[in-house]
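Trainee: Here it is, the structure in full.
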Amino acid sequence: IDTHSHIDMLKNPEKEIEESIASGVKKIIIPGVEPSTFDTITEYIDRYDCIYGAFGVHPSEAQKFNNDTAKKMMLLAHHPKIVAIGEIGLDYYWDKTFVDVQKKVFQTQVEIAISLGLPVIIHDREAHLDTFNILKDLNYNKVVMHCFSGSKEFAKQCVDLGWYLGIGGVVTFKNSRKMKDVVKEIPLENIVLETDAPYLTPHPLRGEENSPKYLNLIAKEIASLKDISFEAVEQTTTQNAEKIFNFNKGE
């Protein structure tokens, strides 16, 4: 299961979806990044059995969030194939000029998720402490740390609270020693797979557009780092994704 893939940003989404299914990917979650993407996500989840969605406003787009956005999220989230609120969070890497707005919008969206009983898909870039504290203060544990980029110590803190870490193409990069150490250290029961397509294409395909069809490369690297079988990674991460995301919500 690819728990994080911006299918709507790919050059040829239809082709990539077909090839991903052929490669063994059973389900794909498209996260929202700003209000203008919500209708497109709804179109994809209505059109394809294997596609599920999440609604959220990315921290870099936090200034686009308002009361109307919140109302639309609350309304659309009742769709049977919307399985999370996300991607939401904090990003201090690109622009720190509106950190207070990011925090307020992040907290509001977590509160929306709590009211709906949906998990949150978290974007956290160079904002580990604030991200962790906001979630901990709200006492919400239905959390997936998308594209986890923290230390082993931070990973353990997240795992201790029952959170899941989204592991993607970065773990295959030759220079990503920190990420490899995290994967070796944390239980497989706290890992979900993701591609973050079209970004972060796994080695040896870096430079190409990423796609859910490359999920196997990530699973193989995790299997190698943990010295376990590919099948074990495939089976456990699928069970993890099915546990945190209620894919049968509409049944």
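Each chain in the structure tokens gets a letter, A, B, ..., in the order shown, and its residues are numbered from 1; ligands are numbered from 1 in order too.
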Determine, using only C-alpha atoms, which residues of region 127-214 of chain A have any atom at most 9 Å from an atom of region 108-113 of chain A, and tabulate each with its shortest atom pair and distance in Å to one decimal place, rows ordered by chain and then rising number, as a tab-separated table.
Mentor:
```
residue	atom	partner	partner_atom	distance
A:Leu135	CA	A:Val110	CA	7.8
A:Leu138	CA	A:Glu111	CA	8.0
A:Tyr140	CA	A:Val110	CA	8.2
```
Trainee: Neighbours of Glu126 (chain A) within 8 Å (only C-alpha atoms; same-chain residues fewer than 5 positions away dropped), as a count of residues only?
Mentor: 3
Trainee: Could you please write out, as number ranges by chain, every residue of region 47-236 of chain A that DSSP assigns to helix (DSSP H, G or I)?
Mentor: A: 47, 59-64, 67-76, 99-116, 128-137, 152-160, 169-172, 177-185, 188-190, 212-226, 230-236
Trainee: Rank nothing, just name the residue among A:Pro119, A:Pro212, A:Pro204, A:Pro198 nearest to Val171 (chain A), using only C-alpha atoms.
Mentor: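 Nearest candidate to Val171 (chain A) out of A:Pro119, A:Pro212, A:Pro204, A:Pro198: A:Pro204.
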Trainee: Near Gln102 (chain A), counting only C-alpha atoms, which residues have an atom at most 10 Å away, once you skip same-chain residues fewer than 2 positions from it, shown as an mmCIF file with C-alpha atoms, in the first residue's frame?
Mentor:
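After the write, out_9.cif holds the following:
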```cif
data_model
loop_
_atom_site.group_PDB
_atom_site.id
_atom_site.type_symbol
_atom_site.label_atom_id
_atom_site.label_comp_id
_atom_site.auth_asym_id
_atom_site.auth_seq_id
_atom_site.Cartn_x
_atom_site.Cartn_y
_atom_site.Cartn_z
ATOM 1 C CA VAL A 57 -3.648 22.007 3.726
ATOM 2 C CA HIS A 58 0.152 21.664 3.579
ATOM 3 C CA PRO A 59 2.048 23.973 5.970
ATOM 4 C CA SER A 60 3.612 25.878 3.058
ATOM 5 C CA GLU A 61 0.062 26.719 1.933
ATOM 6 C CA ALA A 62 -1.233 27.518 5.439
ATOM 7 C CA GLN A 63 -2.182 31.085 4.495
ATOM 8 C CA PHE A 65 -6.644 27.988 5.001
ATOM 9 C CA ILE A 88 -0.765 18.765 7.452
ATOM 10 C CA GLY A 89 1.975 19.909 9.800
ATOM 11 C CA LEU A 90 4.880 22.313 10.029
ATOM 12 C CA ASP A 91 7.669 23.223 7.604
ATOM 13 C CA TYR A 92 10.455 25.500 8.841
ATOM 14 C CA LYS A 96 9.764 30.718 8.597
ATOM 15 C CA THR A 97 8.004 34.063 8.197
ATOM 16 C CA PHE A 98 4.551 32.711 9.088
ATOM 17 C CA VAL A 99 5.307 30.039 11.687
ATOM 18 C CA ASP A 100 2.471 31.193 13.963
ATOM 19 C CA LYS A 104 -2.613 27.594 14.244
ATOM 20 C CA VAL A 105 -3.695 25.965 10.964
ATOM 21 C CA PHE A 106 -1.999 22.694 11.934
ATOM 22 C CA GLN A 107 -3.751 22.583 15.290
ATOM 23 C CA THR A 108 -7.135 23.387 13.721
#
```
